[in-house]
Amino acid sequence: MNILMITPFFPYPAEFGGTIRTYHLAKELAKSNDLFLLSFKDREDIEPEKVKEFCKHVEIIPFSEDSKRIVQLKTLFKKRSYQTRQYASEAMQNAINATIKANNIDLVFIEFSQMGFFDIPKDIPVLLDEHNIEFDLLDRMSKKDSLSFRKLYNKIEAIKFEKEELSFIAKSALTITTSRRDINIIKKHLPDARTAEITNGVDCLEFAKPADITPEKNSAVFTGAMNYFPNDEGVNYFMEDIYPLIKKKDPNFKITIVGSGPSEKIKSYKNENINVTGFVKDVKPYMWNSSVFIVPLRMGGGTRFKVVEAMAAGIPVISTSLGCEGIPAKDGEHLLIRDDPAEFADAVFEAATNQELAQKLRENGVKFAKENVDWEIVGRKLNREIIEAVKEFKNEK
């Protein structure tokens, strides 16, 4: 099958959630299909050769945008949302048209609902990959945000993008989501939409902890892009409401916060027991060297890569219910799920100091990752869903 994939982020380096999912899904699809990739050049350090190894064709479209805040202000009182406005590109549309015309494309695979507005011929089935249900994420953020302008902005964006996003889903032959919850949201609005749950995955071999590494005692790590508001909010919540309770048990309990773009407030936590790294090329050593992995998130959508990556890395995971939302792992068996700050603090300390519990969570977490979310397993399911969706689309035509 000839598949055209369109994405707002270049897939490699696969350094954050969106690129990780895009890169690995593309790599799995290319095992049994001819893959044509059109991607914006969203940053300077992209590595096209890594993607050309498995793609039949790779084309990079120049991407320039006014200041994010300026564009957001411009769109605030307009009918069209910022979510789609930010990726409007005649060059990308022209590249789509040319690629389809020249290559007998069987399916167009659109990464991120914000890209769903591009014009695709009606006789070609479209797959929309919903990394999150974006209007739901915006609505959740508006309810958590204490800043009045951002609260208002996110609420307005949620209302505007809900109409757009649902229209993109309605015209797609298949919409894939990372969680059952996201499918339920779609079905509430569009009962007849064809959907499939394609979870986020992990390369279990890549994340497997080397035998010669011993984690530092009484230590916890968080990983994630710190310029992503749900991560920033979650870490601040942990540091202000949870960490003080852990310090009562061990004043020297160590915390490492790993991820690009930490705010000045996050940076201010840094001291002899708290490390704020900023961007790192490879998060795995920070996972392997810590006793516990924390996911103190209270907003967001889809599923978190960090949870399954930590499981594959053999590190006990303590998460809020929302932090591990969409991952069919069991509390007390594969990870510990705690929403109350005191209970979260107790779980972090217990998993860090109780070796029997830690070993149980490590072993069960690794087993869960290998059996459920390794990218090869995810890729095989995706290919099956695509074949069935294309067949159904052709029969309807």
# chains A, B, ... in the order shown; residues from 1 in each chain; ligands from 1

call {"tool": "select_by_dssp", "arguments": {"residues": "region 87-248 of chain A", "states": "helix (DSSP H, G or I)", "output": "JSON list (two decimals) with N, CA and C atoms, in the first residue's frame"}}
result
[["chain", "number", "residue", "atom", "x", "y", "z"],
["A", 90, "GLU", "N", 0.37, 27.08, 2.25],
["A", 90, "GLU", "CA", 0.15, 26.80, 0.82],
["A", 90, "GLU", "C", 1.20, 25.83, 0.30],
["A", 91, "ALA", "N", 2.44, 25.95, 0.81],
["A", 91, "ALA", "CA", 3.52, 25.06, 0.37],
["A", 91, "ALA", "C", 3.22, 23.61, 0.74],
["A", 92, "MET", "N", 2.67, 23.40, 1.94],
["A", 92, "MET", "CA", 2.33, 22.04, 2.34],
["A", 92, "MET", "C", 1.18, 21.50, 1.48],
["A", 93, "GLN", "N", 0.17, 22.33, 1.23],
["A", 93, "GLN", "CA", -0.95, 21.88, 0.39],
["A", 93, "GLN", "C", -0.48, 21.52, -1.01],
["A", 94, "ASN", "N", 0.40, 22.32, -1.57],
["A", 94, "ASN", "CA", 0.94, 22.02, -2.90],
["A", 94, "ASN", "C", 1.73, 20.72, -2.90],
["A", 95, "ALA", "N", 2.49, 20.47, -1.83],
["A", 95, "ALA", "CA", 3.27, 19.23, -1.73],
["A", 95, "ALA", "C", 2.35, 18.03, -1.61],
["A", 96, "ILE", "N", 1.26, 18.18, -0.87],
["A", 96, "ILE", "CA", 0.26, 17.10, -0.76],
["A", 96, "ILE", "C", -0.32, 16.77, -2.13],
["A", 97, "ASN", "N", -0.74, 17.81, -2.84],
["A", 97, "ASN", "CA", -1.34, 17.61, -4.15],
["A", 97, "ASN", "C", -0.38, 16.90, -5.11],
["A", 98, "ALA", "N", 0.88, 17.35, -5.12],
["A", 98, "ALA", "CA", 1.87, 16.79, -6.04],
["A", 98, "ALA", "C", 2.20, 15.34, -5.69],
["A", 99, "THR", "N", 2.32, 15.05, -4.41],
["A", 99, "THR", "CA", 2.66, 13.69, -3.99],
["A", 99, "THR", "C", 1.55, 12.71, -4.31],
["A", 100, "ILE", "N", 0.32, 13.11, -4.08],
["A", 100, "ILE", "CA", -0.82, 12.26, -4.40],
["A", 100, "ILE", "C", -0.91, 12.02, -5.90],
["A", 101, "LYS", "N", -0.73, 13.06, -6.68],
["A", 101, "LYS", "CA", -0.83, 12.95, -8.15],
["A", 101, "LYS", "C", 0.24, 12.04, -8.73],
["A", 102, "ALA", "N", 1.44, 12.06, -8.15],
["A", 102, "ALA", "CA", 2.57, 11.34, -8.75],
["A", 102, "ALA", "C", 2.73, 9.91, -8.25],
["A", 103, "ASN", "N", 2.04, 9.52, -7.17],
["A", 103, "ASN", "CA", 2.41, 8.25, -6.54],
["A", 103, "ASN", "C", 1.27, 7.28, -6.24],
["A", 113, "SER", "N", -4.64, 16.30, 14.97],
["A", 113, "SER", "CA", -5.90, 16.86, 14.45],
["A", 113, "SER", "C", -5.73, 18.29, 13.96],
["A", 114, "GLN", "N", -4.73, 19.02, 14.46],
["A", 114, "GLN", "CA", -4.52, 20.40, 14.00],
["A", 114, "GLN", "C", -4.14, 20.46, 12.53],
["A", 115, "MET", "N", -3.77, 19.31, 11.94],
["A", 115, "MET", "CA", -3.41, 19.25, 10.52],
["A", 115, "MET", "C", -4.57, 18.74, 9.66],
["A", 134, "GLU", "N", -7.90, 17.20, 21.25],
["A", 134, "GLU", "CA", -7.35, 18.51, 21.60],
["A", 134, "GLU", "C", -8.38, 19.44, 22.24],
["A", 135, "PHE", "N", -9.63, 19.41, 21.79],
["A", 135, "PHE", "CA", -10.60, 20.32, 22.39],
["A", 135, "PHE", "C", -10.86, 19.93, 23.84],
["A", 136, "ASP", "N", -10.79, 18.63, 24.11],
["A", 136, "ASP", "CA", -10.96, 18.16, 25.49],
["A", 136, "ASP", "C", -9.77, 18.57, 26.36],
["A", 137, "LEU", "N", -8.56, 18.47, 25.80],
["A", 137, "LEU", "CA", -7.37, 18.89, 26.52],
["A", 137, "LEU", "C", -7.41, 20.38, 26.84],
["A", 138, "LEU", "N", -7.81, 21.19, 25.85],
["A", 138, "LEU", "CA", -7.91, 22.64, 26.07],
["A", 138, "LEU", "C", -8.93, 22.97, 27.15],
["A", 139, "ASP", "N", -10.05, 22.24, 27.14],
["A", 139, "ASP", "CA", -11.08, 22.46, 28.14],
["A", 139, "ASP", "C", -10.56, 22.09, 29.53],
["A", 140, "ARG", "N", -9.86, 20.97, 29.63],
["A", 140, "ARG", "CA", -9.27, 20.56, 30.91],
["A", 140, "ARG", "C", -8.28, 21.61, 31.42],
["A", 141, "MET", "N", -7.46, 22.11, 30.52],
["A", 141, "MET", "CA", -6.47, 23.11, 30.91],
["A", 141, "MET", "C", -7.15, 24.40, 31.39],
["A", 142, "SER", "N", -8.24, 24.77, 30.73],
["A", 142, "SER", "CA", -8.94, 26.00, 31.13],
["A", 142, "SER", "C", -9.51, 25.88, 32.54],
["A", 143, "LYS", "N", -9.87, 24.68, 32.94],
["A", 143, "LYS", "CA", -10.45, 24.47, 34.27],
["A", 143, "LYS", "C", -9.38, 24.48, 35.36],
["A", 144, "LYS", "N", -8.15, 24.11, 35.00],
["A", 144, "LYS", "CA", -7.06, 24.06, 35.98],
["A", 144, "LYS", "C", -6.30, 25.38, 36.09],
["A", 148, "SER", "N", -6.11, 34.30, 34.51],
["A", 148, "SER", "CA", -7.41, 34.62, 33.91],
["A", 148, "SER", "C", -7.37, 34.67, 32.39],
["A", 149, "PHE", "N", -6.29, 35.28, 31.80],
["A", 149, "PHE", "CA", -6.25, 35.36, 30.34],
["A", 149, "PHE", "C", -6.09, 33.98, 29.72],
["A", 150, "ARG", "N", -5.16, 33.18, 30.26],
["A", 150, "ARG", "CA", -4.94, 31.84, 29.69],
["A", 150, "ARG", "C", -6.17, 30.96, 29.88],
["A", 151, "LYS", "N", -6.85, 31.11, 31.01],
["A", 151, "LYS", "CA", -8.08, 30.36, 31.25],
["A", 151, "LYS", "C", -9.12, 30.71, 30.19],
["A", 152, "LEU", "N", -9.30, 32.01, 29.95],
["A", 152, "LEU", "CA", -10.27, 32.47, 28.95],
["A", 152, "LEU", "C", -9.86, 32.00, 27.56],
["A", 153, "TYR", "N", -8.57, 32.17, 27.25],
["A", 153, "TYR", "CA", -8.08, 31.79, 25.92],
["A", 153, "TYR", "C", -8.31, 30.31, 25.66],
["A", 154, "ASN", "N", -7.92, 29.44, 26.60],
["A", 154, "ASN", "CA", -8.08, 28.00, 26.41],
["A", 154, "ASN", "C", -9.54, 27.60, 26.28],
["A", 155, "LYS", "N", -10.42, 28.27, 27.02],
["A", 155, "LYS", "CA", -11.85, 27.96, 26.93],
["A", 155, "LYS", "C", -12.39, 28.34, 25.55],
["A", 156, "ILE", "N", -12.02, 29.50, 25.06],
["A", 156, "ILE", "CA", -12.47, 29.94, 23.72],
["A", 156, "ILE", "C", -11.92, 29.00, 22.65],
["A", 157, "GLU", "N", -10.63, 28.64, 22.77],
["A", 157, "GLU", "CA", -10.03, 27.71, 21.81],
["A", 157, "GLU", "C", -10.71, 26.36, 21.84],
["A", 158, "ALA", "N", -11.07, 25.90, 23.02],
["A", 158, "ALA", "CA", -11.75, 24.60, 23.15],
["A", 158, "ALA", "C", -13.08, 24.61, 22.41],
["A", 159, "ILE", "N", -13.82, 25.68, 22.55],
["A", 159, "ILE", "CA", -15.13, 25.79, 21.88],
["A", 159, "ILE", "C", -14.95, 25.84, 20.36],
["A", 160, "LYS", "N", -14.01, 26.67, 19.90],
["A", 160, "LYS", "CA", -13.80, 26.81, 18.45],
["A", 160, "LYS", "C", -13.25, 25.52, 17.84],
["A", 161, "PHE", "N", -12.25, 24.92, 18.51],
["A", 161, "PHE", "CA", -11.61, 23.77, 17.91],
["A", 161, "PHE", "C", -12.47, 22.51, 18.01],
["A", 162, "GLU", "N", -13.39, 22.47, 18.94],
["A", 162, "GLU", "CA", -14.28, 21.31, 19.02],
["A", 162, "GLU", "C", -15.03, 21.11, 17.70],
["A", 163, "LYS", "N", -15.56, 22.18, 17.14],
["A", 163, "LYS", "CA", -16.28, 22.08, 15.87],
["A", 163, "LYS", "C", -15.35, 21.63, 14.75],
["A", 164, "GLU", "N", -14.15, 22.20, 14.71],
["A", 164, "GLU", "CA", -13.20, 21.86, 13.66],
["A", 164, "GLU", "C", -12.72, 20.41, 13.79],
["A", 165, "GLU", "N", -12.33, 20.06, 15.01],
["A", 165, "GLU", "CA", -11.78, 18.73, 15.23],
["A", 165, "GLU", "C", -12.80, 17.64, 14.91],
["A", 166, "LEU", "N", -14.02, 17.82, 15.35],
["A", 166, "LEU", "CA", -15.06, 16.82, 15.08],
["A", 166, "LEU", "C", -15.36, 16.73, 13.58],
["A", 167, "SER", "N", -15.24, 17.84, 12.87],
["A", 167, "SER", "CA", -15.47, 17.80, 11.41],
["A", 167, "SER", "C", -14.36, 17.00, 10.72],
["A", 168, "PHE", "N", -13.12, 17.11, 11.22],
["A", 168, "PHE", "CA", -12.01, 16.35, 10.64],
["A", 168, "PHE", "C", -12.20, 14.85, 10.90],
["A", 169, "ILE", "N", -12.65, 14.53, 12.10],
["A", 169, "ILE", "CA", -12.90, 13.12, 12.44],
["A", 169, "ILE", "C", -14.02, 12.56, 11.58],
["A", 170, "ALA", "N", -15.08, 13.37, 11.39],
["A", 170, "ALA", "CA", -16.25, 12.91, 10.64],
["A", 170, "ALA", "C", -15.91, 12.54, 9.20],
["A", 180, "ARG", "N", -8.81, 4.46, 25.34],
["A", 180, "ARG", "CA", -10.25, 4.16, 25.24],
["A", 180, "ARG", "C", -11.06, 5.39, 25.63],
["A", 181, "ARG", "N", -10.57, 6.16, 26.59],
["A", 181, "ARG", "CA", -11.29, 7.36, 26.99],
["A", 181, "ARG", "C", -11.49, 8.30, 25.82],
["A", 182, "ASP", "N", -10.46, 8.48, 25.00],
["A", 182, "ASP", "CA", -10.55, 9.39, 23.86],
["A", 182, "ASP", "C", -11.55, 8.87, 22.83],
["A", 183, "ILE", "N", -11.60, 7.55, 22.65],
["A", 183, "ILE", "CA", -12.61, 6.97, 21.74],
["A", 183, "ILE", "C", -14.01, 7.27, 22.27],
["A", 184, "ASN", "N", -14.20, 7.15, 23.56],
["A", 184, "ASN", "CA", -15.52, 7.41, 24.15],
["A", 184, "ASN", "C", -15.95, 8.85, 23.93],
["A", 185, "ILE", "N", -14.99, 9.78, 23.99],
["A", 185, "ILE", "CA", -15.31, 11.19, 23.72],
["A", 185, "ILE", "C", -15.79, 11.35, 22.28],
["A", 186, "ILE", "N", -15.08, 10.74, 21.35],
["A", 186, "ILE", "CA", -15.46, 10.82, 19.93],
["A", 186, "ILE", "C", -16.85, 10.23, 19.73],
["A", 187, "LYS", "N", -17.09, 9.03, 20.30],
["A", 187, "LYS", "CA", -18.36, 8.34, 20.08],
["A", 187, "LYS", "C", -19.54, 9.11, 20.68],
["A", 188, "LYS", "N", -19.27, 9.88, 21.72],
["A", 188, "LYS", "CA", -20.33, 10.69, 22.32],
["A", 188, "LYS", "C", -20.84, 11.71, 21.30],
["A", 189, "HIS", "N", -19.95, 12.25, 20.48],
["A", 189, "HIS", "CA", -20.32, 13.26, 19.49],
["A", 189, "HIS", "C", -20.62, 12.65, 18.12],
["A", 204, "CYS", "N", 11.24, -1.67, 23.92],
["A", 204, "CYS", "CA", 11.63, -2.31, 25.18],
["A", 204, "CYS", "C", 13.12, -2.65, 25.23],
["A", 205, "LEU", "N", 13.69, -3.01, 24.10],
["A", 205, "LEU", "CA", 15.13, -3.31, 24.08],
["A", 205, "LEU", "C", 15.95, -2.06, 24.37],
["A", 206, "GLU", "N", 15.55, -0.95, 23.77],
["A", 206, "GLU", "CA", 16.29, 0.29, 23.94],
["A", 206, "GLU", "C", 16.25, 0.77, 25.39],
["A", 207, "PHE", "N", 15.11, 0.58, 26.07],
["A", 207, "PHE", "CA", 14.95, 1.10, 27.42],
["A", 207, "PHE", "C", 15.37, 0.12, 28.52],
["A", 229, "PHE", "N", 2.58, 22.87, 29.40],
["A", 229, "PHE", "CA", 1.95, 23.35, 30.62],
["A", 229, "PHE", "C", 1.50, 22.23, 31.57],
["A", 230, "PRO", "N", 0.87, 21.15, 31.09],
["A", 230, "PRO", "CA", 0.50, 20.08, 32.05],
["A", 230, "PRO", "C", 1.69, 19.51, 32.81],
["A", 231, "ASN", "N", 2.87, 19.41, 32.16],
["A", 231, "ASN", "CA", 4.06, 18.94, 32.88],
["A", 231, "ASN", "C", 4.52, 19.96, 33.92],
["A", 232, "ASP", "N", 4.54, 21.22, 33.52],
["A", 232, "ASP", "CA", 4.93, 22.29, 34.44],
["A", 232, "ASP", "C", 4.01, 22.31, 35.66],
["A", 233, "GLU", "N", 2.73, 22.24, 35.43],
["A", 233, "GLU", "CA", 1.76, 22.27, 36.52],
["A", 233, "GLU", "C", 1.93, 21.06, 37.43],
["A", 234, "GLY", "N", 2.16, 19.88, 36.83],
["A", 234, "GLY", "CA", 2.31, 18.66, 37.61],
["A", 234, "GLY", "C", 3.54, 18.68, 38.49],
["A", 235, "VAL", "N", 4.66, 19.18, 37.96],
["A", 235, "VAL", "CA", 5.89, 19.24, 38.75],
["A", 235, "VAL", "C", 5.75, 20.26, 39.88],
["A", 236, "ASN", "N", 5.13, 21.40, 39.60],
["A", 236, "ASN", "CA", 4.91, 22.38, 40.67],
["A", 236, "ASN", "C", 4.02, 21.81, 41.77],
["A", 237, "TYR", "N", 3.00, 21.09, 41.36],
["A", 237, "TYR", "CA", 2.11, 20.42, 42.33],
["A", 237, "TYR", "C", 2.92, 19.45, 43.20],
["A", 238, "PHE", "N", 3.78, 18.66, 42.56],
["A", 238, "PHE", "CA", 4.59, 17.69, 43.31],
["A", 238, "PHE", "C", 5.52, 18.41, 44.28],
["A", 239, "MET", "N", 6.21, 19.44, 43.81],
["A", 239, "MET", "CA", 7.21, 20.10, 44.64],
["A", 239, "MET", "C", 6.57, 20.86, 45.81],
["A", 240, "GLU", "N", 5.38, 21.39, 45.60],
["A", 240, "GLU", "CA", 4.75, 22.20, 46.63],
["A", 240, "GLU", "C", 3.88, 21.40, 47.60],
["A", 241, "ASP", "N", 3.21, 20.35, 47.11],
["A", 241, "ASP", "CA", 2.25, 19.62, 47.93],
["A", 241, "ASP", "C", 2.71, 18.22, 48.35],
["A", 242, "ILE", "N", 3.63, 17.63, 47.62],
["A", 242, "ILE", "CA", 4.01, 16.23, 47.87],
["A", 242, "ILE", "C", 5.43, 16.11, 48.42],
["A", 243, "TYR", "N", 6.37, 16.79, 47.79],
["A", 243, "TYR", "CA", 7.77, 16.65, 48.20],
["A", 243, "TYR", "C", 8.01, 17.03, 49.67],
["A", 244, "PRO", "N", 7.37, 18.10, 50.19],
["A", 244, "PRO", "CA", 7.57, 18.41, 51.62],
["A", 244, "PRO", "C", 7.20, 17.25, 52.54],
["A", 245, "LEU", "N", 6.21, 16.45, 52.15],
["A", 245, "LEU", "CA", 5.80, 15.30, 52.97],
["A", 245, "LEU", "C", 6.85, 14.19, 52.90],
["A", 246, "ILE", "N", 7.49, 14.04, 51.73],
["A", 246, "ILE", "CA", 8.57, 13.05, 51.59],
["A", 246, "ILE", "C", 9.78, 13.47, 52.42],
["A", 247, "LYS", "N", 10.06, 14.78, 52.42],
["A", 247, "LYS", "CA", 11.21, 15.29, 53.16],
["A", 247, "LYS", "C", 11.08, 15.05, 54.67],
["A", 248, "LYS", "N", 9.86, 14.95, 55.16],
["A", 248, "LYS", "CA", 9.67, 14.65, 56.58],
["A", 248, "LYS", "C", 10.17, 13.25, 56.91]]

call {"tool": "closest_residue", "arguments": {"among": "A:Ser291, A:Ser172, A:Thr353, A:Asn200", "to": "Leu127 (chain A)", "atoms": "only C-alpha atoms"}}
result
A:Ser172

call {"tool": "residues_around", "arguments": {"residues": "Gly224 (chain A)", "least_positions_apart": "2", "cutoff": "7 Å", "atoms": "only C-alpha atoms", "output": "PDB file with N, CA and C atoms, in the first residue's frame"}}
result
ATOM      1  N   PHE A 222      11.431  12.746  37.308  1.00  0.00           N
ATOM      2  CA  PHE A 222      10.338  13.098  36.402  1.00  0.00           C
ATOM      3  C   PHE A 222      10.952  13.460  35.067  1.00  0.00           C
ATOM      4  N   MET A 226       9.293  20.438  29.809  1.00  0.00           N
ATOM      5  CA  MET A 226       8.837  21.314  30.878  1.00  0.00           C
ATOM      6  C   MET A 226       8.166  22.578  30.352  1.00  0.00           C
ATOM      7  N   ASN A 231       2.870  19.412  32.164  1.00  0.00           N
ATOM      8  CA  ASN A 231       4.061  18.940  32.878  1.00  0.00           C
ATOM      9  C   ASN A 231       4.518  19.959  33.921  1.00  0.00           C
ATOM     10  N   VAL A 258      13.750  16.300  34.646  1.00  0.00           N
ATOM     11  CA  VAL A 258      14.429  16.229  33.346  1.00  0.00           C
ATOM     12  C   VAL A 258      13.496  16.697  32.241  1.00  0.00           C
ATOM     13  N   GLY A 259      13.926  17.673  31.464  1.00  0.00           N
ATOM     14  CA  GLY A 259      13.125  18.094  30.325  1.00  0.00           C
ATOM     15  C   GLY A 259      13.427  19.514  29.890  1.00  0.00           C
TER      16      GLY A 259
END

call {"tool": "residues_around", "arguments": {"residues": "Gly379 (chain A)", "least_positions_apart": "5", "cutoff": "12 Å", "atoms": "only C-alpha atoms", "output": "ChimeraX atom specification"}}
result
/A:21-33,197-203,372-374,384-386

call {"tool": "write_last_selection", "arguments": {"atoms": "C-alpha atoms", "output": "CSV table (one decimal), in the first residue's frame"}}
result
chain,number,residue,atom,x,y,z
A,21,ARG,CA,4.9,8.4,18.3
A,22,THR,CA,5.2,9.7,14.7
A,23,TYR,CA,8.7,8.2,14.2
A,24,HIS,CA,7.8,4.7,15.5
A,25,LEU,CA,4.5,4.5,13.8
A,26,ALA,CA,6.1,5.5,10.5
A,27,LYS,CA,8.9,3.0,11.0
A,28,GLU,CA,6.4,0.2,11.7
A,29,LEU,CA,4.2,1.2,8.7
A,30,ALA,CA,7.2,1.2,6.4
A,31,LYS,CA,7.8,-2.5,7.2
A,32,SER,CA,4.9,-3.6,5.0
A,33,ASN,CA,4.0,-0.4,3.0
A,197,GLU,CA,-7.2,2.4,20.0
A,198,ILE,CA,-3.5,2.5,19.0
A,199,THR,CA,-1.7,3.0,22.2
A,200,ASN,CA,1.6,4.8,22.7
A,201,GLY,CA,4.5,2.4,22.7
A,202,VAL,CA,8.1,1.9,23.8
A,203,ASP,CA,11.1,0.2,22.4
A,372,ASN,CA,1.4,-4.9,25.6
A,373,VAL,CA,3.1,-1.8,24.3
A,374,ASP,CA,6.3,-2.7,22.5
A,384,ARG,CA,-4.5,-4.5,10.6
A,385,GLU,CA,-6.8,-1.6,11.4
A,386,ILE,CA,-5.6,0.3,8.2

call {"tool": "atom_distance", "arguments": {"atom1": "CA of Lys391 (chain A)", "atom2": "CA of Met1 (chain A)"}}
result
11.9 Å

call {"tool": "residues_around", "arguments": {"residues": "Val283 (chain A)", "least_positions_apart": "2", "cutoff": "12 Å", "atoms": "only C-alpha atoms", "output": "ChimeraX atom specification"}}
result
/A:14-16,206-207,221-225,256-260,277-281,285-290,293,306,309-310,313

call {"tool": "write_last_selection", "arguments": {"atoms": "N, CA and C atoms", "output": "short mmCIF file (atom, residue, chain, number, x, y, z; two decimals), in the first residue's frame"}}
result
data_model
loop_
_atom_site.label_atom_id
_atom_site.label_comp_id
_atom_site.auth_asym_id
_atom_site.auth_seq_id
_atom_site.Cartn_x
_atom_site.Cartn_y
_atom_site.Cartn_z
N ALA A 14 13.67 11.89 17.66
CA ALA A 14 12.42 11.61 18.39
C ALA A 14 12.64 11.94 19.86
N GLU A 15 12.47 13.23 20.18
CA GLU A 15 12.86 13.73 21.50
C GLU A 15 11.69 14.09 22.40
N PHE A 16 10.49 14.19 21.86
CA PHE A 16 9.33 14.46 22.70
C PHE A 16 8.16 13.64 22.19
N GLU A 206 15.55 -0.95 23.77
CA GLU A 206 16.29 0.29 23.94
C GLU A 206 16.25 0.77 25.39
N PHE A 207 15.11 0.58 26.07
CA PHE A 207 14.95 1.10 27.42
C PHE A 207 15.37 0.12 28.52
N VAL A 221 12.60 10.55 39.84
CA VAL A 221 12.84 11.30 38.63
C VAL A 221 11.52 11.57 37.91
N PHE A 222 11.43 12.75 37.31
CA PHE A 222 10.34 13.10 36.40
C PHE A 222 10.95 13.46 35.07
N THR A 223 10.38 12.98 33.97
CA THR A 223 10.85 13.38 32.65
C THR A 223 9.68 13.91 31.82
N GLY A 224 9.97 14.90 31.00
CA GLY A 224 8.94 15.46 30.13
C GLY A 224 9.29 16.88 29.74
N ALA A 225 8.78 17.32 28.60
CA ALA A 225 9.03 18.69 28.15
C ALA A 225 8.44 19.67 29.17
N THR A 256 15.04 14.51 40.62
CA THR A 256 15.61 14.98 39.37
C THR A 256 14.48 15.31 38.41
N ILE A 257 14.48 16.54 37.90
CA ILE A 257 13.46 17.01 36.95
C ILE A 257 14.14 17.16 35.60
N VAL A 258 13.75 16.30 34.65
CA VAL A 258 14.43 16.23 33.35
C VAL A 258 13.50 16.70 32.24
N GLY A 259 13.93 17.67 31.46
CA GLY A 259 13.13 18.09 30.32
C GLY A 259 13.43 19.51 29.89
N SER A 260 13.17 19.79 28.64
CA SER A 260 13.52 21.08 28.05
C SER A 260 12.58 22.19 28.51
N THR A 277 17.57 19.57 35.13
CA THR A 277 18.58 19.38 34.08
C THR A 277 18.38 20.26 32.86
N GLY A 278 17.14 20.67 32.58
CA GLY A 278 16.88 21.25 31.27
C GLY A 278 16.91 20.14 30.22
N PHE A 279 17.11 20.52 28.96
CA PHE A 279 17.13 19.52 27.88
C PHE A 279 18.29 18.54 28.03
N VAL A 280 18.00 17.26 27.83
CA VAL A 280 19.04 16.24 27.75
C VAL A 280 18.79 15.42 26.48
N LYS A 281 19.84 14.92 25.88
CA LYS A 281 19.72 14.15 24.65
C LYS A 281 19.10 12.79 24.90
N PRO A 285 19.41 7.21 31.04
CA PRO A 285 20.29 7.10 32.21
C PRO A 285 19.69 7.71 33.48
N TYR A 286 18.90 8.78 33.33
CA TYR A 286 18.27 9.40 34.49
C TYR A 286 17.21 8.47 35.08
N MET A 287 16.53 7.72 34.23
CA MET A 287 15.57 6.73 34.71
C MET A 287 16.30 5.60 35.43
N TRP A 288 17.30 5.04 34.77
CA TRP A 288 18.01 3.88 35.32
C TRP A 288 18.68 4.18 36.66
N ASN A 289 19.07 5.42 36.87
CA ASN A 289 19.81 5.78 38.08
C ASN A 289 18.92 6.25 39.22
N SER A 290 17.60 6.20 39.05
CA SER A 290 16.67 6.66 40.08
C SER A 290 15.89 5.49 40.69
N PHE A 293 10.01 6.48 39.63
CA PHE A 293 9.60 7.39 38.56
C PHE A 293 8.25 7.99 38.94
N LYS A 306 5.93 8.57 29.02
CA LYS A 306 6.84 8.44 30.15
C LYS A 306 6.48 7.23 31.03
N GLU A 309 7.59 3.99 29.16
CA GLU A 309 9.05 4.01 29.06
C GLU A 309 9.68 3.66 30.39
N ALA A 310 9.12 4.21 31.48
CA ALA A 310 9.65 3.90 32.80
C ALA A 310 9.45 2.43 33.15
N ALA A 313 11.98 0.51 31.39
CA ALA A 313 13.29 0.78 31.97
C ALA A 313 13.48 0.09 33.32
#

call {"tool": "residues_around", "arguments": {"residues": "Ala196 (chain A)", "least_positions_apart": "4", "cutoff": "10 Å", "atoms": "only C-alpha atoms", "output": "list in words"}}
result
Asp129, Leu174, Thr175, Ile176, Thr177, Thr178, Ser179, Arg180, Ile183, Lys381, Leu382, Glu385, Ile386 and Ala389 of chain A

call {"tool": "residues_around", "arguments": {"residues": "Lys56 (chain A)", "least_positions_apart": "4", "cutoff": "10 Å", "atoms": "only C-alpha atoms", "output": "ChimeraX atom specification"}}
result
/A:2-3,30,33-37,51-52

call {"tool": "select_by_dssp", "arguments": {"residues": "region 2-213 of chain A", "states": "strand (DSSP E or B)", "output": "PyMOL selection string"}}
result
chain A and resi 2-7+34-41+57-62+107-111+126-130+174-177+195-197+202

call {"tool": "atom_distance", "arguments": {"atom1": "CA of Phe9 (chain A)", "atom2": "CA of Cys324 (chain A)"}}
result
24.5 Å

call {"tool": "atom_distance", "arguments": {"atom1": "CA of Lys394 (chain A)", "atom2": "CA of Phe109 (chain A)"}}
result
16.4 Å

call {"tool": "decode", "arguments": {"residues": "region 181-202 of chain A", "atoms": "C-alpha atoms", "output": "compact mmCIF listing (two decimals), in the first residue's frame"}}
result
# COMPACT_ATOMS: atom_id res chain seq x y z
CA ARG A 181 -11.29 7.36 26.99
CA ASP A 182 -10.55 9.39 23.86
CA ILE A 183 -12.61 6.97 21.74
CA ASN A 184 -15.52 7.41 24.15
CA ILE A 185 -15.31 11.19 23.72
CA ILE A 186 -15.46 10.82 19.93
CA LYS A 187 -18.36 8.34 20.08
CA LYS A 188 -20.33 10.69 22.32
CA HIS A 189 -20.32 13.26 19.49
CA LEU A 190 -19.98 10.98 16.43
CA PRO A 191 -21.44 7.53 17.18
CA ASP A 192 -20.77 6.25 13.65
CA ALA A 193 -17.11 7.30 13.45
CA ARG A 194 -14.72 4.44 12.74
CA THR A 195 -12.11 4.44 15.50
CA ALA A 196 -9.31 2.27 16.83
CA GLU A 197 -7.22 2.45 19.98
CA ILE A 198 -3.53 2.47 19.01
CA THR A 199 -1.66 3.04 22.24
CA ASN A 200 1.61 4.84 22.65
CA GLY A 201 4.47 2.37 22.72
CA VAL A 202 8.06 1.85 23.76
